[in-house]
$ cat query.txt   # compact mmCIF, C-alpha atoms
# COMPACT_ATOMS: atom_id res chain seq x y z
CA LYS W 1 296.11 79.42 126.67
CA ASP W 2 299.25 81.57 127.11
CA LYS W 3 297.71 84.76 125.72
CA THR W 4 297.27 86.32 129.16
CA PHE W 5 300.87 85.55 130.11
CA LEU W 6 302.15 86.96 126.82
CA ARG W 7 300.12 90.14 127.20
CA ASP W 8 301.32 90.60 130.78
CA TYR W 9 304.91 89.90 129.76
CA THR W 10 304.76 92.56 127.06
CA ASN W 11 303.37 95.32 129.30
CA LYS W 12 306.89 96.71 129.51
CA TYR W 13 308.61 95.36 126.39
CA PRO W 14 306.95 94.21 123.14
CA PHE W 15 308.04 91.00 121.44
CA GLY W 16 310.63 91.35 118.70
CA CYS W 17 309.64 88.96 115.89
CA ARG W 18 312.07 87.38 113.48
CA SER W 19 309.50 87.06 110.68
CA THR W 20 306.64 89.22 109.50
CA LEU W 21 304.29 86.22 109.81
CA THR W 22 305.05 85.79 113.53
CA CYS W 23 304.55 89.52 114.03
CA ALA W 24 301.19 89.45 112.23
CA ASN W 25 300.00 86.47 114.30
CA LEU W 26 300.91 88.15 117.59
CA LYS W 27 299.25 91.41 116.56
CA ARG W 28 296.11 89.47 115.62
CA LEU W 29 296.06 88.19 119.20
CA LYS W 30 296.54 91.79 120.41
CA ILE W 31 299.96 90.98 121.84
CA PRO W 32 302.39 93.95 121.55
CA SER W 33 305.04 93.06 119.00
CA TYR W 34 307.19 94.47 116.22
CA PHE W 35 309.19 93.05 113.32
CA SER W 36 312.75 93.08 114.61
CA SER W 37 314.25 90.80 111.97
CA CYS W 38 316.81 88.30 113.33
CA LEU W 39 319.46 89.07 115.93
CA THR W 40 322.10 87.60 113.59
CA LEU W 41 321.54 90.60 111.30
CA THR W 42 323.33 92.71 113.93
CA SER W 43 326.55 90.65 113.68
CA THR W 44 329.71 92.73 113.65
CA TYR W 45 332.01 89.77 114.26
CA GLN W 46 335.11 89.84 112.05
CA GLY W 47 337.03 86.71 113.05
CA SER W 48 340.41 86.29 111.43
CA VAL W 49 342.19 85.13 108.30
CA LEU W 50 342.55 81.38 108.79
CA TYR W 51 345.35 78.89 108.42
CA ASN W 52 344.97 75.31 107.19
CA ASP W 53 343.33 73.07 109.80
CA GLY W 54 343.77 69.79 107.91
CA SER W 55 340.25 69.62 106.48
CA PRO W 56 339.77 68.05 103.03
CA PRO W 57 339.18 70.92 100.55
CA HIS W 58 335.82 69.54 99.39
CA LEU W 59 334.44 69.52 102.94
CA ASN W 60 335.51 72.46 105.02
CA GLY W 61 339.11 73.21 104.22
CA LEU W 62 340.13 76.28 102.27
CA PRO W 63 343.62 76.90 100.97
CA PHE W 64 344.44 78.76 104.14
CA LEU W 65 347.74 80.18 105.21
CA ASP W 66 350.47 78.24 106.93
CA PRO W 67 351.71 80.16 109.99
CA ALA W 68 355.04 78.34 109.71
CA SER W 69 355.65 79.96 106.32
CA ALA W 70 358.50 82.45 106.13
CA ASN W 71 356.22 84.91 104.32
CA PHE W 72 353.21 84.44 106.60
CA THR W 73 352.67 88.16 107.31
CA GLY W 74 352.78 89.10 103.63
CA ALA W 75 350.50 86.22 102.69
CA LEU W 76 348.08 87.30 105.41
CA GLU W 77 347.78 90.81 104.01
CA LYS W 78 347.42 89.44 100.48
CA ALA W 79 344.55 87.16 101.54
CA LYS W 80 342.76 90.07 103.22
CA LEU W 81 343.04 92.16 100.07
CA GLU W 82 342.03 89.40 97.66
CA LYS W 83 338.98 88.04 99.53
CA ASP W 84 338.08 86.20 96.34
CA LEU W 85 336.50 82.85 97.30
CA VAL W 86 333.01 81.78 96.28
CA LEU W 87 331.65 79.86 99.28
CA LEU W 88 328.68 77.49 98.87
CA VAL W 89 326.98 76.49 102.13
CA ASP W 90 324.17 73.89 101.98
CA VAL W 91 322.71 74.93 98.61
CA VAL W 92 319.44 73.07 97.88
CA ASP W 93 319.55 73.42 94.09
CA PRO W 94 323.12 73.56 92.71
CA SER W 95 321.76 73.02 89.17
CA ALA W 96 320.21 76.49 89.27
CA LEU W 97 323.57 78.22 89.76
CA PRO W 98 325.51 79.94 86.99
CA PRO W 99 328.94 78.48 86.12
CA LEU W 100 331.21 78.39 89.17
CA PRO W 101 334.75 79.81 89.00
CA ALA W 102 337.72 77.66 89.97
CA ASN W 103 338.03 79.38 93.36
CA HIS W 104 334.77 78.00 94.77
CA ARG W 105 334.60 75.91 97.93
CA TYR W 106 331.85 73.87 99.60
CA LEU W 107 331.17 74.29 103.30
CA LYS W 108 328.56 72.90 105.68
CA ALA W 109 326.72 74.70 108.44
CA ASP W 110 326.56 71.39 110.32
CA ILE W 111 329.85 69.81 111.33
CA PRO W 112 330.66 67.20 108.64
CA LYS W 113 331.45 63.62 109.64
CA ALA W 114 334.86 63.76 107.99
CA TYR W 115 335.90 66.91 109.89
CA PRO W 116 339.39 66.25 111.34
CA ARG W 117 338.33 67.10 114.91
CA SER W 118 335.74 65.31 116.99
CA CYS W 119 333.92 68.52 118.00
CA GLN W 120 332.55 66.72 121.05
CA THR W 121 333.31 69.59 123.41
CA GLN W 122 331.56 72.93 123.39
CA SER W 123 334.82 74.76 122.75
CA GLU W 124 335.48 72.70 119.62
CA ARG W 125 331.98 73.43 118.32
CA ILE W 126 332.48 77.13 119.01
CA ASP W 127 335.78 76.93 117.13
CA TYR W 128 333.94 75.43 114.14
CA CYS W 129 331.47 78.34 114.21
CA TYR W 130 334.40 80.76 114.53
CA ARG W 131 335.97 79.33 111.39
CA LEU W 132 332.72 79.56 109.43
CA LEU W 133 332.12 83.20 110.37
CA SER W 134 335.76 84.05 109.73
CA GLN W 135 335.44 82.62 106.23
CA TYR W 136 332.32 84.67 105.50
CA ALA W 137 334.00 87.85 106.75
CA ASN W 138 337.56 87.48 105.48
CA HIS W 139 337.76 84.94 102.66
CA ALA W 140 334.47 85.16 100.74
CA LYS W 141 333.64 87.57 97.97
CA VAL W 142 330.17 85.96 97.94
CA VAL W 143 328.31 83.38 100.04
CA ILE W 144 325.78 81.16 98.25
CA THR W 145 323.41 79.38 100.61
CA SER W 146 319.92 78.10 101.35
CA ARG W 147 320.22 78.60 105.10
CA ILE W 148 318.83 81.79 106.58
CA HIS W 149 321.29 81.68 109.50
CA VAL W 150 324.18 81.57 107.07
CA GLY W 151 322.83 84.33 104.85
CA LEU W 152 321.92 86.83 107.59
CA PRO W 153 325.25 86.90 109.47
CA ALA W 154 327.20 86.90 106.19
CA ALA W 155 325.16 89.88 104.96
CA ALA W 156 325.61 91.62 108.32
CA LEU W 157 329.37 91.24 107.90
CA GLY W 158 329.15 93.06 104.57
CA THR W 159 329.52 90.01 102.31
CA PRO W 160 327.19 89.65 99.29
CA VAL W 161 324.80 86.70 99.64
CA ILE W 162 322.95 84.70 96.98
CA PHE W 163 320.04 82.89 98.60
CA VAL W 164 318.93 79.76 96.73
CA SER W 165 315.56 78.05 97.15
CA LYS W 166 313.71 75.51 95.03
CA SER W 167 309.98 76.17 94.69
CA GLY W 168 310.20 77.60 98.18
CA TRP W 169 311.99 74.57 99.61
CA LEU W 170 314.70 75.25 102.21
CA PRO W 171 316.79 72.94 104.45
CA GLY W 172 314.68 73.88 107.47
CA GLY W 173 311.34 73.31 105.73
CA LYS W 174 308.99 75.00 103.31
CA GLU W 175 309.29 78.75 102.89
CA LYS W 176 305.48 79.05 103.07
CA THR W 177 305.56 78.18 106.79
CA GLY W 178 306.67 81.79 107.29
CA ARG W 179 310.08 81.06 108.82
CA VAL W 180 311.80 83.53 106.50
CA SER W 181 308.98 85.94 105.65
CA GLY W 182 310.30 89.49 105.49
CA LEU W 183 313.95 88.40 105.45
CA LEU W 184 314.75 87.28 101.90
CA ASP W 185 314.51 90.73 100.32
CA ILE W 186 317.95 91.48 101.74
CA PHE W 187 319.70 89.00 99.42
CA HIS W 188 320.24 88.26 95.77
CA ARG W 189 317.81 85.42 94.99
CA ILE W 190 317.84 82.27 92.85
CA ASP W 191 314.78 80.04 92.59
CA LYS W 192 314.70 78.36 89.18
CA PRO W 193 311.04 77.17 89.25
CA ARG W 194 310.00 80.73 90.18
CA ASN W 195 312.23 82.34 87.52
CA LEU W 196 314.28 84.19 90.14
CA THR W 197 317.80 84.65 88.77
CA ILE W 198 320.83 86.88 89.19
CA GLY W 199 322.14 89.10 86.44
CA PHE W 200 325.87 88.86 87.04
CA ASP W 201 328.75 86.43 86.58
CA LEU W 202 330.33 84.77 89.62
CA SER W 203 333.83 85.12 88.22
CA GLY W 204 333.67 88.92 88.28
CA PRO W 205 332.82 91.55 90.89
CA ILE W 206 329.73 90.76 92.96
CA PRO W 207 327.20 93.57 93.52
CA PRO W 208 326.31 94.48 97.11
CA ASN W 209 323.24 92.88 98.63
CA PRO W 210 320.18 94.61 97.14
CA GLY W 211 318.54 94.98 100.56
CA ASN W 212 321.47 96.58 102.37
CA HIS W 213 319.59 99.83 103.02
CA GLU W 214 316.62 97.88 104.42
CA ALA W 215 319.00 95.83 106.58
CA ASP W 216 320.50 99.07 107.93
CA ARG W 217 317.05 100.34 108.88
CA ARG W 218 316.15 97.10 110.65
CA ARG W 219 319.45 96.96 112.53
CA ALA W 220 319.10 100.58 113.64
CA ALA W 221 315.49 100.10 114.77
CA PHE W 222 316.39 96.93 116.67
CA TRP W 223 319.31 98.60 118.40
CA HIS W 224 317.13 101.63 119.27
CA ARG W 225 314.91 99.29 121.29
CA LEU W 226 317.69 97.18 122.81
CA LYS W 227 319.67 100.12 124.15
CA ARG W 228 316.74 101.13 126.34
CA VAL W 229 317.83 98.28 128.62
CA SER W 230 321.15 99.17 130.22
CA TYR W 231 322.57 95.64 130.44
CA TYR W 232 321.96 95.06 126.70
CA GLU W 233 323.72 98.31 125.88
CA ASP W 234 326.61 97.54 128.24
CA ALA W 235 327.05 94.03 126.81
CA ALA W 236 327.00 95.39 123.24
CA LYS W 237 329.77 97.84 124.11
CA ILE W 238 331.87 95.28 126.00
CA PHE W 239 331.76 92.74 123.16
CA GLY W 240 332.18 95.27 120.36
CA ARG W 241 328.73 94.85 118.80
CA ILE W 242 328.40 98.59 118.34
CA PRO W 243 328.81 100.81 116.44
CA LEU W 244 327.07 98.92 113.65
CA GLN W 245 328.68 99.06 110.23
CA ARG W 246 326.61 100.95 107.64
CA LEU W 247 326.03 98.18 105.08
CA GLY W 248 324.55 100.46 102.43
CA SER W 249 327.22 103.16 102.62
CA GLY W 250 328.93 101.97 99.44
CA MET W 251 325.64 102.01 97.51
CA ILE W 252 324.95 105.75 97.85
CA GLN W 253 325.26 107.46 94.48
$ encode --input "query.txt" --output "structure tokens"
Amino acid sequence: KDKTFLRDYTNKYPFGCRSTLTCANLKRLKIPSYFSSCLTLTSTYQGSVLYNDGSPPHLNGLPFLDPASANFTGALEKAKLEKDLVLLVDVVDPSALPPLPANHRYLKADIPKAYPRSCQTQSERIDYCYRLLSQYANHAKVVITSRIHVGLPAAALGTPVIFVSKSGWLPGGKEKTGRVSGLLDIFHRIDKPRNLTIGFDLSGPIPPNPGNHEADRRRAAFWHRLKRVSYYEDAAKIFGRIPLQRLGSGMIQ
């Protein structure tokens, strides 16, 4: 019943679709659309190296730096250089993972009940998001997750991602619903029932995301459309969203 509205709405701008399934459905209805991928794939947010916030290590606390330490500046630079943590965020099938090194930590995309702050206010919830993104950008050598909105921003920040599913099952529902169609080729994949595995050890260097070049193309195409609207371009400049980092630059032989 909304086809006419959607067609009228897209006379000037086509719909950007997060998944290839959504794009195909709109095209079938003759509604102008294109596969934009997800906006989170354009993340350039870098956050900061974090200090200990009092969280239990098994929930959301990493061995962060203590700003009261006499050697805080040196420890800060050391943490930036090391960037050696293996972060696991809401993994649906931990049994499918290879052996984990000692420097692994478990995080949650949702605020855990035992988190030391109430997170009742919007600013506290934003702070929790800030800490998560900062960890992906500055502390993780790899992020292992089953959540698409963990994997995409982590990949956009240049961090290798291992995406884990279990016969297509994800925290947000079955993969076959099309929620993630066209997106998973960016990541390393593990799905034990489907015989999808990785060929490297988590204790050593982690290869770049195999779809980095594809991610670069999608980001560039998305930005090419967005910058046609002056207020999108202005906002991107003001908040430092551009220039976009070339994710595949280190993969050129």
$ closest_residue --input "query.txt" --among "W:Asp93, W:Gly158, W:Arg189, W:Tyr45" --to "Leu132 (chain W)" --atoms "all atoms listed in the file"
W:Tyr45
$ closest_residue --input "query.txt" --among "W:Ile206, W:Thr40, W:Ala96, W:Ser165" --to "Leu133 (chain W)" --atoms "only C-alpha atoms"
W:Thr40
$ closest_atom_pairs --input "query.txt" --of "region 155-199 of chain W" --to "region 16-28 of chain W" --cutoff "8 Å" --atoms "only C-alpha atoms" --output "tab-separated table"
residue	atom	partner	partner_atom	distance
W:Gly178	CA	W:Leu21	CA	5.6
W:Arg179	CA	W:Ser19	CA	6.3
W:Val180	CA	W:Ser19	CA	5.9
W:Ser181	CA	W:Ser19	CA	5.2
W:Gly182	CA	W:Thr20	CA	5.4
W:Leu183	CA	W:Ser19	CA	7.0
$ write_last_selection --input "query.txt" --atoms "C-alpha atoms" --output "PDB file, in the frame of the given file"
ATOM      1  CA  GLY W 178     306.670  81.790 107.290  1.00  0.00           C
ATOM      2  CA  ARG W 179     310.080  81.060 108.820  1.00  0.00           C
ATOM      3  CA  VAL W 180     311.800  83.530 106.500  1.00  0.00           C
ATOM      4  CA  SER W 181     308.980  85.940 105.650  1.00  0.00           C
ATOM      5  CA  GLY W 182     310.300  89.490 105.490  1.00  0.00           C
ATOM      6  CA  LEU W 183     313.950  88.400 105.450  1.00  0.00           C
TER       7      LEU W 183
END
$ closest_residue --input "query.txt" --among "W:Leu87, W:Ile186, W:Ile162, W:Ile238" --to "Ala137 (chain W)" --atoms "all atoms listed in the file"
W:Leu87
$ closest_residue --input "query.txt" --among "W:Pro32, W:Ser43, W:Pro193, W:Phe200" --to "Ser134 (chain W)" --atoms "all atoms listed in the file"
W:Ser43
$ atom_distance --input "query.txt" --atom1 "CA of Ile198 (chain W)" --atom2 "CA of Lys78 (chain W)"
29.0 Å
$ closest_residue --input "query.txt" --among "W:Gln120, W:Thr42, W:Thr145, W:Asn209" --to "Gly240 (chain W)" --atoms "all atoms listed in the file"
W:Thr42
$ atom_distance --input "query.txt" --atom1 "CA of Arg217 (chain W)" --atom2 "CA of His149 (chain W)"
19.1 Å
$ closest_residue --input "query.txt" --among "W:Gly248, W:Pro94, W:Pro153, W:Pro208" --to "Ser37 (chain W)" --atoms "only C-alpha atoms"
W:Pro153
$ atom_distance --input "query.txt" --atom1 "CA of Ser36 (chain W)" --atom2 "CA of Asn138 (chain W)"
27.0 Å
$ residues_around --input "query.txt" --residues "Arg125 (chain W)" --least-positions-apart "6" --cutoff "12 Å" --atoms "only C-alpha atoms" --output "list in words"
Ala109, Asp110, Ile111, Pro112, Tyr115, Arg117, Ser118, Cys119, Arg131 and Leu132 of chain W
$ write_last_selection --input "query.txt" --atoms "C-alpha atoms" --output "PDB file, in the frame of the given file"
ATOM      1  CA  ALA W 109     326.720  74.700 108.440  1.00  0.00           C
ATOM      2  CA  ASP W 110     326.560  71.390 110.320  1.00  0.00           C
ATOM      3  CA  ILE W 111     329.850  69.810 111.330  1.00  0.00           C
ATOM      4  CA  PRO W 112     330.660  67.200 108.640  1.00  0.00           C
ATOM      5  CA  TYR W 115     335.900  66.910 109.890  1.00  0.00           C
ATOM      6  CA  ARG W 117     338.330  67.100 114.910  1.00  0.00           C
ATOM      7  CA  SER W 118     335.740  65.310 116.990  1.00  0.00           C
ATOM      8  CA  CYS W 119     333.920  68.520 118.000  1.00  0.00           C
ATOM      9  CA  ARG W 131     335.970  79.330 111.390  1.00  0.00           C
ATOM     10  CA  LEU W 132     332.720  79.560 109.430  1.00  0.00           C
TER      11      LEU W 132
END
$ axis_aligned_box --input "query.txt" --around "region 106-111 of chain W" --padding-each-side "8 Å" --output "lines of an AutoDock Vina configuration file"
center_x = 329.2
center_y = 72.3
center_z = 105.5
size_x = 21.3
size_y = 20.9
size_z = 27.7
